[in-house]
Structure formats: C-alpha cells, structure tokens
$ cat final10.pdb   # PDB, C-alpha atoms
MODEL        1
ATOM      1  CA  MET F   2       6.569 -64.547 -23.341
ATOM      2  CA  ASP F   3       6.097 -66.803 -26.363
ATOM      3  CA  GLU F   4       2.555 -67.526 -25.187
ATOM      4  CA  SER F   5       3.988 -69.246 -22.057
ATOM      5  CA  GLU F   6       2.227 -69.056 -18.710
ATOM      6  CA  VAL F   7       3.707 -66.308 -16.525
ATOM      7  CA  THR F   8       3.517 -66.398 -12.728
ATOM      8  CA  ARG F   9       3.716 -63.268 -10.565
ATOM      9  CA  ASN F  10       5.755 -63.683  -7.393
ATOM     10  CA  GLU F  11       5.167 -62.023  -3.999
ATOM     11  CA  ASP F  12       8.191 -59.714  -4.456
ATOM     12  CA  GLY F  13       6.654 -58.277  -7.638
ATOM     13  CA  SER F  14       8.837 -60.236 -10.078
ATOM     14  CA  PHE F  15       7.538 -62.665 -12.647
ATOM     15  CA  SER F  16       8.706 -66.225 -13.390
ATOM     16  CA  VAL F  17       8.054 -68.613 -16.232
ATOM     17  CA  GLY F  18       9.255 -72.084 -17.137
ATOM     18  CA  ILE F  19      10.509 -72.389 -20.734
ATOM     19  CA  GLU F  20      12.586 -74.611 -22.934
ATOM     20  CA  LYS F  21      16.203 -73.899 -23.822
ATOM     21  CA  GLY F  22      16.757 -71.617 -26.759
ATOM     22  CA  GLU F  23      15.909 -68.057 -27.783
ATOM     23  CA  HIS F  24      12.671 -66.543 -26.607
ATOM     24  CA  ALA F  25      11.038 -63.139 -27.230
ATOM     25  CA  TYR F  26       9.212 -61.333 -24.445
ATOM     26  CA  ARG F  27       7.132 -58.185 -23.916
ATOM     27  CA  VAL F  28       6.653 -56.162 -20.702
ATOM     28  CA  GLU F  29       3.615 -53.868 -20.469
ATOM     29  CA  VAL F  30       2.398 -51.738 -17.555
ATOM     30  CA  PRO F  31      -0.320 -49.056 -17.918
ATOM     31  CA  GLY F  32       1.334 -45.612 -18.011
ATOM     32  CA  TYR F  33       4.737 -46.950 -19.025
ATOM     33  CA  GLU F  34       6.407 -47.513 -22.366
ATOM     34  CA  THR F  35       6.116 -51.136 -23.590
ATOM     35  CA  PHE F  36       9.410 -53.021 -23.609
ATOM     36  CA  VAL F  37      10.095 -55.779 -26.174
ATOM     37  CA  GLY F  38      13.188 -57.989 -25.959
ATOM     38  CA  SER F  39      14.625 -61.464 -26.422
ATOM     39  CA  GLU F  40      16.840 -63.791 -24.376
ATOM     40  CA  THR F  41      18.680 -67.076 -25.089
ATOM     41  CA  PHE F  42      18.575 -69.797 -22.429
ATOM     42  CA  THR F  43      21.301 -72.493 -22.653
ATOM     43  CA  ASP F  44      21.170 -74.382 -19.345
ATOM     44  CA  ASP F  45      18.793 -75.403 -16.602
ATOM     45  CA  LYS F  46      19.810 -72.631 -14.165
ATOM     46  CA  PRO F  47      17.309 -69.782 -13.534
ATOM     47  CA  LYS F  48      18.145 -66.626 -15.419
ATOM     48  CA  VAL F  49      17.139 -63.197 -14.110
ATOM     49  CA  VAL F  50      16.190 -60.572 -16.662
ATOM     50  CA  THR F  51      15.830 -56.999 -15.323
ATOM     51  CA  VAL F  52      13.762 -54.516 -17.306
ATOM     52  CA  LYS F  53      13.458 -50.787 -16.471
ATOM     53  CA  LEU F  54      10.373 -49.267 -18.023
ATOM     54  CA  ARG F  55      10.233 -45.637 -19.073
ATOM     55  CA  ARG F  56       7.264 -43.855 -17.608
ATOM     56  CA  GLN F  57       4.819 -42.028 -19.873
ATOM     57  CA  PHE F  58       3.443 -39.658 -17.230
ATOM     58  CA  GLY F  59       4.645 -37.050 -14.741
ATOM     59  CA  PHE F  60       3.521 -34.628 -12.048
ATOM     60  CA  ILE F  61       3.085 -30.878 -11.705
ATOM     61  CA  THR F  62       3.518 -28.965  -8.444
ATOM     62  CA  VAL F  63       2.864 -25.235  -8.134
ATOM     63  CA  ALA F  64       3.810 -23.100  -5.129
ATOM     64  CA  SER F  65       3.460 -19.343  -4.745
ATOM     65  CA  TYR F  66       4.033 -16.513  -2.339
ATOM     66  CA  PRO F  67       1.631 -15.743  -0.868
ATOM     67  CA  THR F  68      -0.085 -19.118  -0.796
ATOM     68  CA  GLY F  69      -3.782 -19.644  -1.525
ATOM     69  CA  ALA F  70      -3.560 -18.439  -5.131
ATOM     70  CA  ASP F  71      -5.767 -19.999  -7.821
ATOM     71  CA  VAL F  72      -3.939 -22.329 -10.218
ATOM     72  CA  SER F  73      -5.016 -22.934 -13.817
ATOM     73  CA  VAL F  74      -3.460 -25.546 -16.106
ATOM     74  CA  ASN F  75      -4.055 -25.067 -19.838
ATOM     75  CA  GLY F  76      -6.847 -22.621 -19.000
ATOM     76  CA  GLU F  77      -8.661 -24.905 -16.560
ATOM     77  CA  LYS F  78      -8.746 -24.095 -12.855
ATOM     78  CA  VAL F  79      -7.366 -27.064 -10.943
ATOM     79  CA  GLY F  80      -6.867 -25.840  -7.366
ATOM     80  CA  GLN F  81      -4.896 -23.462  -5.187
ATOM     81  CA  THR F  82      -1.290 -23.200  -4.115
ATOM     82  CA  ASP F  83       0.396 -25.173  -2.823
ATOM     83  CA  TYR F  84      -0.899 -27.430  -5.607
ATOM     84  CA  ALA F  85       0.174 -30.977  -6.495
ATOM     85  CA  SER F  86      -1.336 -32.755  -9.493
ATOM     86  CA  GLY F  87      -2.056 -36.407 -10.012
ATOM     87  CA  ARG F  88      -0.515 -38.208 -12.969
ATOM     88  CA  VAL F  89      -0.443 -36.100 -16.146
ATOM     89  CA  SER F  90       0.669 -37.006 -19.643
ATOM     90  CA  LEU F  91       4.085 -36.003 -20.905
ATOM     91  CA  GLY F  92       4.035 -32.672 -22.699
ATOM     92  CA  THR F  93       3.984 -28.881 -22.375
ATOM     93  CA  TYR F  94       1.573 -27.097 -20.028
ATOM     94  CA  GLN F  95       0.529 -23.460 -19.564
ATOM     95  CA  ILE F  96       0.376 -22.490 -15.883
ATOM     96  CA  ARG F  97      -1.388 -19.393 -14.536
ATOM     97  CA  VAL F  98      -1.471 -18.287 -10.885
ATOM     98  CA  GLU F  99      -3.971 -15.626  -9.734
ATOM     99  CA  LYS F 100      -4.839 -14.035  -6.408
ATOM    100  CA  GLU F 101      -6.936 -11.019  -5.479
ATOM    101  CA  ASN F 102      -4.895  -7.825  -5.052
ATOM    102  CA  TYR F 103      -1.929  -9.390  -6.894
ATOM    103  CA  PHE F 104      -0.879  -9.352 -10.521
ATOM    104  CA  PRO F 105      -1.425 -12.755 -12.222
ATOM    105  CA  LYS F 106       1.633 -14.668 -13.372
ATOM    106  CA  ASP F 107       1.970 -17.094 -16.288
ATOM    107  CA  THR F 108       4.629 -19.647 -17.155
ATOM    108  CA  THR F 109       5.159 -22.654 -19.426
ATOM    109  CA  VAL F 110       6.493 -25.983 -18.130
ATOM    110  CA  ASP F 111       7.478 -29.323 -19.654
ATOM    111  CA  VAL F 112       6.724 -32.718 -18.134
ATOM    112  CA  THR F 113       9.241 -35.207 -19.512
ATOM    113  CA  VAL F 114      10.343 -38.792 -18.961
ATOM    114  CA  GLU F 115      13.289 -37.530 -16.942
ATOM    115  CA  SER F 116      11.660 -34.762 -14.887
ATOM    116  CA  ASP F 117       8.456 -33.474 -13.374
ATOM    117  CA  ALA F 118       7.440 -29.792 -13.433
ATOM    118  CA  ASN F 119       7.988 -27.984 -10.128
ATOM    119  CA  VAL F 120       6.952 -24.326 -10.267
ATOM    120  CA  TRP F 121       7.441 -21.545  -7.699
ATOM    121  CA  LEU F 122       5.935 -18.167  -8.534
ATOM    122  CA  PRO F 123       6.261 -15.110  -6.241
ATOM    123  CA  LEU F 124       3.348 -12.729  -6.845
ATOM    124  CA  LEU F 125       3.599  -8.940  -6.972
ATOM    125  CA  SER F 126       0.947  -6.956  -5.122
ATOM    126  CA  SER F 127      -1.289  -4.765  -7.270
ATOM    127  CA  LEU F 128      -2.058  -2.470  -4.326
ATOM    128  CA  PRO F 129      -0.119   0.778  -3.936
ATOM    129  CA  PRO F 130       2.633   0.557  -1.359
ATOM    130  CA  ALA F 131       1.653   1.418   2.162
ATOM    131  CA  GLU F 132       2.319   5.012   3.089
ATOM    132  CA  GLY F 133       4.782   5.221   5.937
ATOM    133  CA  ARG F 134       4.642   7.723   8.751
ATOM    134  CA  ARG F 135       5.725  11.181   7.665
ATOM    135  CA  THR F 136       6.784  14.253   9.593
ATOM    136  CA  LEU F 137       5.571  17.684   8.475
ATOM    137  CA  VAL F 138       7.453  20.936   9.104
ATOM    138  CA  MET F 139       5.996  24.010   7.455
ATOM    139  CA  LEU F 140       6.312  27.815   7.518
ATOM    140  CA  GLU F 141       3.107  29.763   6.886
ATOM    141  CA  ALA F 142       1.696  33.193   6.164
ATOM    142  CA  GLY F 143      -1.843  34.290   7.015
ATOM    143  CA  TRP F 144      -3.609  36.953   4.965
ATOM    144  CA  HIS F 145      -6.382  39.350   5.881
ATOM    145  CA  PRO F 146      -7.129  42.473   3.780
ATOM    146  CA  SER F 147      -5.728  44.674   6.519
ATOM    147  CA  GLN F 148      -3.159  42.433   8.186
ATOM    148  CA  LEU F 149      -0.532  39.718   7.676
ATOM    149  CA  SER F 150       0.590  37.077  10.151
ATOM    150  CA  PHE F 151       3.282  34.414  10.111
ATOM    151  CA  GLY F 152       3.788  31.097  11.805
ATOM    152  CA  ALA F 153       4.699  27.451  11.648
ATOM    153  CA  MET F 154       2.996  24.081  11.574
ATOM    154  CA  VAL F 155       4.418  20.701  12.663
ATOM    155  CA  GLY F 156       2.707  17.340  12.451
ATOM    156  CA  MET F 157       3.009  13.600  11.978
ATOM    157  CA  VAL F 158       0.786  11.483   9.728
ATOM    158  CA  GLU F 159       0.528   7.990   8.302
ATOM    159  CA  ALA F 160      -3.051   7.408   7.179
ATOM    160  CA  ASN F 161      -4.112   9.526  10.153
ATOM    161  CA  GLY F 162      -2.153  11.961  12.261
ATOM    162  CA  ALA F 163      -2.126  15.189  14.215
ATOM    163  CA  TYR F 164      -0.576  18.638  14.027
ATOM    164  CA  LEU F 165       0.187  21.773  16.049
ATOM    165  CA  ARG F 166       0.215  25.327  14.633
ATOM    166  CA  PHE F 167       1.212  28.751  15.912
ATOM    167  CA  ARG F 168       0.555  32.031  14.113
ATOM    168  CA  SER F 169       1.208  35.703  15.034
ATOM    169  CA  ASP F 170       2.003  39.120  13.591
ATOM    170  CA  PHE F 171       4.365  39.669  16.539
ATOM    171  CA  GLY F 172       2.673  43.000  17.186
ATOM    172  CA  SER F 173       1.176  44.494  20.364
ATOM    173  CA  ALA F 174      -1.982  46.496  20.897
ATOM    174  CA  SER F 175      -2.570  46.417  24.639
ATOM    175  CA  THR F 176      -5.224  48.841  25.907
ATOM    176  CA  ASP F 177      -7.800  49.281  28.657
ATOM    177  CA  LEU F 178     -10.099  51.438  26.525
ATOM    178  CA  GLU F 179     -12.633  50.097  24.057
ATOM    179  CA  CYS F 180     -14.817  51.668  21.421
ATOM    180  CA  ASP F 181     -17.098  50.684  18.554
ATOM    181  CA  ASP F 182     -17.015  51.712  14.909
ATOM    182  CA  THR F 183     -18.452  55.122  15.779
ATOM    183  CA  GLY F 184     -15.401  55.868  17.926
ATOM    184  CA  GLY F 185     -17.472  56.262  21.085
ATOM    185  CA  LEU F 186     -15.993  54.632  24.182
ATOM    186  CA  THR F 187     -17.813  51.489  25.337
ATOM    187  CA  SER F 188     -15.459  50.461  28.134
ATOM    188  CA  GLY F 189     -12.869  52.205  30.318
ATOM    189  CA  GLY F 190     -14.352  55.652  29.863
ATOM    190  CA  THR F 191     -17.067  57.769  28.226
ATOM    191  CA  GLY F 192     -17.330  60.216  25.406
ATOM    192  CA  LEU F 193     -15.826  60.406  21.935
ATOM    193  CA  PRO F 194     -12.042  60.803  21.914
ATOM    194  CA  TYR F 195     -10.175  62.530  19.115
ATOM    195  CA  TYR F 196      -8.240  60.037  17.038
ATOM    196  CA  LYS F 197      -5.174  60.481  14.884
ATOM    197  CA  GLU F 198      -6.154  59.853  11.311
ATOM    198  CA  GLY F 199      -4.798  56.532  10.076
ATOM    199  CA  ALA F 200      -2.891  55.802  13.319
ATOM    200  CA  THR F 201      -3.648  52.232  14.372
ATOM    201  CA  SER F 202      -2.016  49.322  16.184
ATOM    202  CA  LYS F 203      -2.756  45.662  15.468
ATOM    203  CA  SER F 204      -1.971  42.340  17.025
ATOM    204  CA  ARG F 205      -2.767  38.805  15.905
ATOM    205  CA  MET F 206      -2.130  35.423  17.555
ATOM    206  CA  SER F 207      -3.489  31.904  17.434
ATOM    207  CA  VAL F 208      -2.495  28.468  18.741
ATOM    208  CA  THR F 209      -4.343  25.530  17.216
ATOM    209  CA  ALA F 210      -4.067  21.745  16.973
ATOM    210  CA  GLY F 211      -6.041  19.158  15.108
ATOM    211  CA  TYR F 212      -6.509  16.125  12.917
ATOM    212  CA  LEU F 213      -4.375  15.424   9.850
ATOM    213  CA  ARG F 214      -5.403  12.789   7.299
ATOM    214  CA  ARG F 215      -4.028  11.447   4.037
ATOM    215  CA  LEU F 216      -6.875  11.426   1.508
ATOM    216  CA  ALA F 217      -5.189   9.789  -1.493
ATOM    217  CA  GLY F 218      -1.593   9.592  -2.684
ATOM    218  CA  PRO F 219       0.131  12.908  -1.956
ATOM    219  CA  LEU F 220      -3.048  14.801  -0.905
ATOM    220  CA  TYR F 221      -3.785  15.523   2.762
ATOM    221  CA  MET F 222      -6.378  17.532   4.658
ATOM    222  CA  TYR F 223      -6.447  19.015   8.130
ATOM    223  CA  VAL F 224      -9.072  20.363  10.481
ATOM    224  CA  GLY F 225      -8.447  21.815  13.919
ATOM    225  CA  ALA F 226      -9.328  24.272  16.645
ATOM    226  CA  GLY F 227      -7.725  26.235  19.455
ATOM    227  CA  TYR F 228      -7.480  29.768  20.768
ATOM    228  CA  GLY F 229      -7.069  32.901  18.665
ATOM    229  CA  SER F 230      -7.196  36.651  18.987
ATOM    230  CA  ARG F 231      -7.030  39.706  16.785
ATOM    231  CA  THR F 232      -6.939  43.284  18.080
ATOM    232  CA  LEU F 233      -7.332  46.542  16.154
ATOM    233  CA  ALA F 234      -6.677  49.673  18.220
ATOM    234  CA  TRP F 235      -7.070  53.348  17.226
ATOM    235  CA  GLU F 236      -4.632  55.897  18.617
ATOM    236  CA  THR F 237      -5.988  59.110  20.151
ATOM    237  CA  ILE F 238      -4.328  62.509  19.872
ATOM    238  CA  ASP F 239      -3.235  61.967  23.474
ATOM    239  CA  GLY F 240      -1.285  58.844  22.464
ATOM    240  CA  GLU F 241      -3.704  56.372  24.058
ATOM    241  CA  LEU F 242      -4.801  53.181  22.294
ATOM    242  CA  VAL F 243      -8.499  52.328  22.090
ATOM    243  CA  LYS F 244      -9.525  48.833  21.064
ATOM    244  CA  ASN F 245     -12.156  48.750  18.316
ATOM    245  CA  THR F 246     -14.406  45.870  19.336
ATOM    246  CA  ASP F 247     -16.183  45.781  15.965
ATOM    247  CA  HIS F 248     -12.885  44.776  14.290
ATOM    248  CA  SER F 249     -11.376  42.720  17.095
ATOM    249  CA  ALA F 250     -12.068  39.147  18.132
ATOM    250  CA  SER F 251     -10.858  36.566  20.643
ATOM    251  CA  GLY F 252     -11.903  33.069  21.593
ATOM    252  CA  ILE F 253     -12.225  29.804  19.746
ATOM    253  CA  ALA F 254     -10.243  29.570  16.510
ATOM    254  CA  GLY F 255     -11.314  27.021  13.910
ATOM    255  CA  GLU F 256      -9.527  26.066  10.710
ATOM    256  CA  ILE F 257      -9.560  23.743   7.714
ATOM    257  CA  GLY F 258      -7.163  23.252   4.837
ATOM    258  CA  ALA F 259      -5.369  20.976   2.385
ATOM    259  CA  ILE F 260      -1.745  19.945   1.902
ATOM    260  CA  GLY F 261      -0.130  18.632  -1.260
ATOM    261  CA  ARG F 262       3.147  16.699  -1.141
ATOM    262  CA  PHE F 263       5.617  16.866  -4.012
ATOM    263  CA  GLY F 264       8.441  14.510  -3.146
ATOM    264  CA  LYS F 265       9.786  15.903   0.125
ATOM    265  CA  PHE F 266       8.287  19.360  -0.444
ATOM    266  CA  ALA F 267       4.807  20.336   0.733
ATOM    267  CA  LEU F 268       2.415  23.199  -0.013
ATOM    268  CA  SER F 269      -0.687  24.097   1.965
ATOM    269  CA  VAL F 270      -3.723  26.341   1.596
ATOM    270  CA  GLY F 271      -6.184  26.940   4.368
ATOM    271  CA  TYR F 272      -8.737  29.079   6.155
ATOM    272  CA  GLN F 273      -8.961  30.151   9.803
ATOM    273  CA  THR F 274     -11.554  32.088  11.721
ATOM    274  CA  VAL F 275     -11.643  33.510  15.249
ATOM    275  CA  SER F 276     -15.138  33.323  16.746
ATOM    276  CA  PHE F 277     -16.495  33.578  13.169
ATOM    277  CA  LYS F 278     -15.714  37.279  13.373
ATOM    278  CA  TYR F 279     -12.176  37.499  12.045
ATOM    279  CA  HIS F 280     -11.311  35.533   8.907
ATOM    280  CA  GLU F 281      -7.919  34.737   7.443
ATOM    281  CA  ALA F 282      -6.600  32.739   4.490
ATOM    282  CA  SER F 283      -3.238  31.001   4.718
ATOM    283  CA  LEU F 284      -0.487  29.672   2.495
ATOM    284  CA  GLY F 285       2.401  27.472   3.602
ATOM    285  CA  ILE F 286       5.513  25.816   2.263
ATOM    286  CA  GLY F 287       7.704  23.236   3.955
ATOM    287  CA  PHE F 288       8.949  19.674   4.051
ATOM    288  CA  MET F 289       7.272  16.311   4.567
ATOM    289  CA  PHE F 290       9.727  13.476   5.119
TER     290      PHE F 290
ENDMDL
END
$ encode --input "final10.pdb" --output "structure tokens"
Amino acid sequence: MDESEVTRNEDGSFSVGIEKGEHAYRVEVPGYETFVGSETFTDDKPKVVTVKLRRQFGFITVASYPTGADVSVNGEKVGQTDYASGRVSLGTYQIRVEKENYFPKDTTVDVTVESDANVWLPLLSSLPPAEGRRTLVMLEAGWHPSQLSFGAMVGMVEANGAYLRFRSDFGSASTDLECDDTGGLTSGGTGLPYYKEGATSKSRMSVTAGYLRRLAGPLYMYVGAGYGSRTLAWETIDGELVKNTDHSASGIAGEIGAIGRFGKFALSVGYQTVSFKYHEASLGIGFMF
C-alpha cells in the first residue's frame, strides 16, 4: 500500500498506518486473482477495508459404481475412485474411468471460479448377464431301425443342474422262453419251435437321470445313466412268445446328448445304449423357462 509498512495481525487481517488522503493498495495471494483498489482516508479513526479475492484454482472429485475404478485426467492416470484431487487450475478436463470387466466411461468437466467438478459415473458390466435357473420340460422320441419309443425329460439347470427321463414304447413282450438267432431254445425248453413268419412282439423301457450343464449361451449338454431294457420276441405257430436274446438287452442304460435353447423353446439330440447292446438315437422338443 503506497510502499507503506504493512503489519499482519493474529486474526489474519492486515493493518497499516498512513496519512490522510487517497491511497492505492494491492492484495496478492498465491492461487488467487490480484486485487487492486484505492481508498480515501479523511479522519483519524481506523477504517476497515474488506477484500474478497477470486480463486484461480479448483478441485475435481470422481466417484463411480462400483468403486475401485482407475481414474485418468487428460490422459494421465491419477488414482482410483473415490478420487479427490488437490488444487487444479481453472479450465476444462477430460475424465476417463476404467475397471476390469466393465465398459470404460468418458466425460468432460469444467473447473470454474464458481464451482468445482464433482463427477459420478455408474459403470456398465461388460460380462454377459448371469444365467438364471431354468426349468426344462421336453417330449422325446427314440429311434432304432426296428423300433420307436417315446418319453419325456424334466430338469432344472443354472450353470449346472440335473434331469430325469423316462422312455417306453408302451408295448409288452413277456415270455418264459428264450432263443438265439438260430431260433433254437436256450431257456425254458429245448428244440427248435416253428415260428410265424414276421410275427414279433417288442417292448422298450428306460428310466435315467443325470447331469445337465450349460456350456455357453443357449447350448447345454447332458450325460446320465439308469436302467433300461429292450425285448424282441418271436411268436410260434402255437401262439407262444420266445425272447430272442441276441436282439434283447437289459441292465445299465447310458446316454449323452445336447440341448439348444431358442427363447423359451428347446430342441435336443441324443444317444442312449442299454448294456452297449441296444442303441437308440433320440430327438426332443419342449420348453425351457
């Protein structure tokens, strides 16, 4: 102030003794705009002059959901959310927030005399949405060159699950006599009966359960085991049924297959065997919801 000696007081104000008249003064603080003014003093009473300086800096805060995302300011990594800067110059800043398994997000902010920049950025996951638990209900048909069977499959699966399946031709071929491919009796009697040409009876049944897994997106696979049977019986001229053991099987049934989901609809293809002696392909259609 006019080259006069200025004293700083304990309360942060400044005082100076000057002569009456008009005096020019300047107020300077690092980081604030310099203020230049003048005052006229006409008596011996102290005069208080209040000056409000305009700041020339600001602050940037960046928050995100989820937290722990990397923050870059003007291309330079500065920390992670929740982030709070130190003093920054007034101006425009480019903010980028990045986190693994989330799409990055960019924004532009202004730090002004009147306001700081406070940024909140929710991040969108780049991972596919979690697959919820689904219920499978499916009707099926089994195919063998000489026989058809029908059944149903029910299951529940998220990433992993389980299922239950039943299949049958709903036929009956109960007999106490057995023979081989030659027609000769091997159980329940002896000799070679006379058979009606082309007269046969068949029966097919299986009950299985197993593991169901989602491989990727709408593609699933299953593998399971249980009990199965298939009987082929020849009819004699006397009306008796004789089980052909070379074309019949019973015991452990094993299966494997795949399921594709199309919206709420589902298609399946698979393979089942009974004691590795009887083999059957399958096709199914149903709902998965």
$ resolve_selection --input "final10.pdb" --expression "the PyMOL selection byres ((chain F and resi 44-56) around 8)" --output "number ranges by chain"
F: 21, 32-36, 42-43, 57-59, 114
$ write_last_selection --input "final10.pdb" --atoms "C-alpha atoms" --output "PDB file, keeping the file's coordinate frame"
ATOM      1  CA  LYS F  21      16.203 -73.899 -23.822  1.00  0.00           C
ATOM      2  CA  GLY F  32       1.334 -45.612 -18.011  1.00  0.00           C
ATOM      3  CA  TYR F  33       4.737 -46.950 -19.025  1.00  0.00           C
ATOM      4  CA  GLU F  34       6.407 -47.513 -22.366  1.00  0.00           C
ATOM      5  CA  THR F  35       6.116 -51.136 -23.590  1.00  0.00           C
ATOM      6  CA  PHE F  36       9.410 -53.021 -23.609  1.00  0.00           C
ATOM      7  CA  PHE F  42      18.575 -69.797 -22.429  1.00  0.00           C
ATOM      8  CA  THR F  43      21.301 -72.493 -22.653  1.00  0.00           C
ATOM      9  CA  GLN F  57       4.819 -42.028 -19.873  1.00  0.00           C
ATOM     10  CA  PHE F  58       3.443 -39.658 -17.230  1.00  0.00           C
ATOM     11  CA  GLY F  59       4.645 -37.050 -14.741  1.00  0.00           C
ATOM     12  CA  VAL F 114      10.343 -38.792 -18.961  1.00  0.00           C
TER      13      VAL F 114
END
$ resolve_selection --input "final10.pdb" --expression "the PyMOL selection byres ((chain F and resi 235-237) around 7)" --output "PyMOL selection string"
chain F and resi 194-197+200-202+233-234+238-245
$ closest_residue --input "final10.pdb" --among "F:Cys180, F:Met289, F:Ala217, F:Ala163" --to "Ser249 in chain F" --atoms "only C-alpha atoms"
F:Cys180
$ atom_distance --input "final10.pdb" --atom1 "CA of Glu40 in chain F" --atom2 "CA of Glu20 in chain F"
11.7 Å
$ closest_residue --input "final10.pdb" --among "F:Val89, F:Leu124, F:Leu178, F:Leu284" --to "Leu193 in chain F" --atoms "all atoms listed in the file"
F:Leu178
$ resolve_selection --input "final10.pdb" --expression "the PyMOL selection byres ((chain F and resi 63-74) around 9)" --output "PyMOL selection string"
chain F and resi 61-62+75-86+94-101+118-125
$ closest_residue --input "final10.pdb" --among "F:Pro31, F:Gly252, F:Gly225, F:Gly190" --to "Tyr164 in chain F" --atoms "only C-alpha atoms"
F:Gly225
$ closest_residue --input "final10.pdb" --among "F:Gly38, F:Gly192, F:Gly258, F:Gly227" --to "Phe167 in chain F" --atoms "only C-alpha atoms"
F:Gly227
